[in-house]
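Chemist: Take a look at the following structure, please.
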Amino acid sequence: MIDRVCIWGAGAIGGIVGAHLARAGQDVILVDVADEHVERIVSKGLTIDGPMGGFSIGISATKPEGLNGKFDAILLAVKSQHTKDACLALLPHLASDGYVVSLQNGLNEPVIADIVGRDRTIGGFVNFAGDYLEPGRITYGLRGTVAVGELDGTITPRLEHLNRCLRLFEDNAVISSNIMGYLWGKAAYGAMLTASALTHAPIADFIGNPKRRVLLTKLAQEVLDVALAEGASPLGFDTFEPAAFVARDDIAMNACFDALAAFNRGTGKTHSGIWRDLAVRKRPTEVSAQFQPIEQIARRHDLGVPLFQALVGLINDIEIGRRDQGEELADELCRRSEVLYPMSDPRSAPALSSK
């Protein structure tokens, strides 16, 4: 077992994991930059509610400047755009033989490795559903896959120790020799979730809507084509099957959409975190930060991701108040997908714009 665990970022992901580890007896400290959140946790504990929650736990918490000591394991759970700054701040607290584990959305491992070292970076994948509701209160809406893996695919003693620790939270947590496959799979699924945030429709309704399926198909395929060009082998999880989209198998893709809609229906988390940032918290999302490495890799392989670029542009428009969330934005993107990818040429891939 790991002696002490530091979780950097106590929002939906970090807060839920940290609360469960603490409840199971693991020595945990949460680090977060939000004054009210930290103060509430210190004074009254952290409450995890929702279908998979229902408990409060006393747990150590501090702002970054109040953290002392070094840690063998630091679980990073900040938004993608804050990865670099968080890694620079946590570096003095990382033991010489310690490691950082990304429990984030996006392909953040290269950024982490550039700062703390590749040998001190472990990849992580989480797909459970959680939402930060207010200081000291987080909802845990749905269990999902949890996996960790070394970047070179080897199975190491530290990975086994980490997995035993994470099983205090999710007893089905796994070790993967292909952690980047999980992350590329989630990048494709994440494109679908991002598109749902253009509207106020629940995830299940958006994915289950037949008129959105061409759009969602092409978004996923753009991302997966980049993954394959990079030499990755995308993995499926929680009813999402990348192989169906890679094969352009209409029957399998429709079955996947139906399964994803069912998976997301009836959960305590009806909308994506991106939707919550836009509609509730009124703050910038992590979409641009998540998309940037995919675009860079696409450029390196001379691949086009024009639909994903258009999606990111619409999210940015919402962020700065130029456009309002609504069905018309999704309709606009659907029309764009039909122009970019005529049904008569389903495998076409327009060149990447230089703009």
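In the structure tokens, chains take the letters A, B, ... in the order shown, each chain's residues start at 1, and ligands count up from 1 in the order shown.
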Find the residues near region 11-21 of chain A: any atom within 10 Å, counting only C-alpha atoms, skip ones fewer than 2 places away on the same chain, and give them as a PyMOL selection string.

Modeler: chain A and resi 5-9+23-32+34+37+45-49+53+55-60+75-79+103-105+126-140+165-170+273

Chemist: Calculated over only C-alpha atoms, which of the candidates A:Asp152, A:Asp35, A:Gly106, A:Ala310 has the smallest distance to Asp119 (chain A)?

Modeler: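 Of A:Asp152, A:Asp35, A:Gly106, A:Ala310, the one nearest Asp119 (chain A), counting only C-alpha atoms, is A:Asp152.
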
Chemist: To one decimal place, how far is CA of Gly181 (chain A) from CA of Cys334 (chain A) in Å?

Modeler: 27.7 Å

Chemist: Find, counting only C-alpha atoms, the residue in A:Asp258, A:Glu328, A:Glu65, A:Asp85 that gets nearest to Glu241 (chain A).

Modeler: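 Nearest to Glu241 (chain A): A:Asp258.
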
Chemist: Of the residues A:Pro284, A:Glu109, A:Glu222, A:Thr145, which is the one nearest to Thr239 (chain A), using only C-alpha atoms?

Modeler: A:Thr145

Chemist: Identify, with DSSP run on backbone atoms, the residues in region 138-266 of chain A assigned to alpha helix (DSSP H), and express the list as an MDAnalysis selection string.

Modeler: chainID A and resid 157:166 179:196 203:208 213:229 242:246 250:264

Chemist: Nearest to Pro242 (chain A) among A:Gly185, A:Gly304, A:Gly50, A:Pro110, with distances taken over only C-alpha atoms: which residue is it?

Modeler: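 Residue with the minimum atom-to-atom distance to Pro242 (chain A): A:Gly185.
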
Chemist: Please, what distance in Å, to one decimal, runs between CA of Leu216 (chain A) and CA of Gly124 (chain A)?

Modeler: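 Pair CA of Leu216 (chain A) / CA of Gly124 (chain A) returns 25.0 Å.
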
Chemist: So which residues touch Ile122 (chain A) within 7 Å, counting only C-alpha atoms, skipping near sequence neighbours fewer than 6 positions away, as a VMD selection string?

Modeler: chain A and resid 99 to 102 149 to 151

Chemist: May I have the selected residues written with N, CA and C atoms, as a short mmCIF file (atom, residue, chain, number, x, y, z; two decimals), in the first residue's frame?

Modeler:
data_model
loop_
_atom_site.label_atom_id
_atom_site.label_comp_id
_atom_site.auth_asym_id
_atom_site.auth_seq_id
_atom_site.Cartn_x
_atom_site.Cartn_y
_atom_site.Cartn_z
N TYR A 99 5.94 9.41 -8.38
CA TYR A 99 5.37 9.52 -9.72
C TYR A 99 4.08 10.33 -9.67
N VAL A 100 3.73 10.86 -10.84
CA VAL A 100 2.48 11.59 -11.03
C VAL A 100 1.58 10.75 -11.93
N VAL A 101 0.32 10.62 -11.54
CA VAL A 101 -0.66 9.86 -12.31
C VAL A 101 -1.73 10.83 -12.82
N SER A 102 -1.94 10.87 -14.11
CA SER A 102 -2.98 11.73 -14.65
C SER A 102 -4.33 11.03 -14.56
N GLY A 149 -1.58 2.70 -16.29
CA GLY A 149 -0.57 1.97 -17.04
C GLY A 149 0.71 2.76 -17.20
N GLU A 150 1.83 2.07 -17.24
CA GLU A 150 3.10 2.71 -17.55
C GLU A 150 3.09 3.16 -19.01
N LEU A 151 3.78 4.24 -19.31
CA LEU A 151 3.76 4.77 -20.67
C LEU A 151 4.42 3.83 -21.66
#

Chemist: Have a look at A:Glu230, A:Val148, A:Leu198, A:Ala255 and name the one nearest to Val312 (chain A); count only C-alpha atoms.

Modeler: A:Leu198
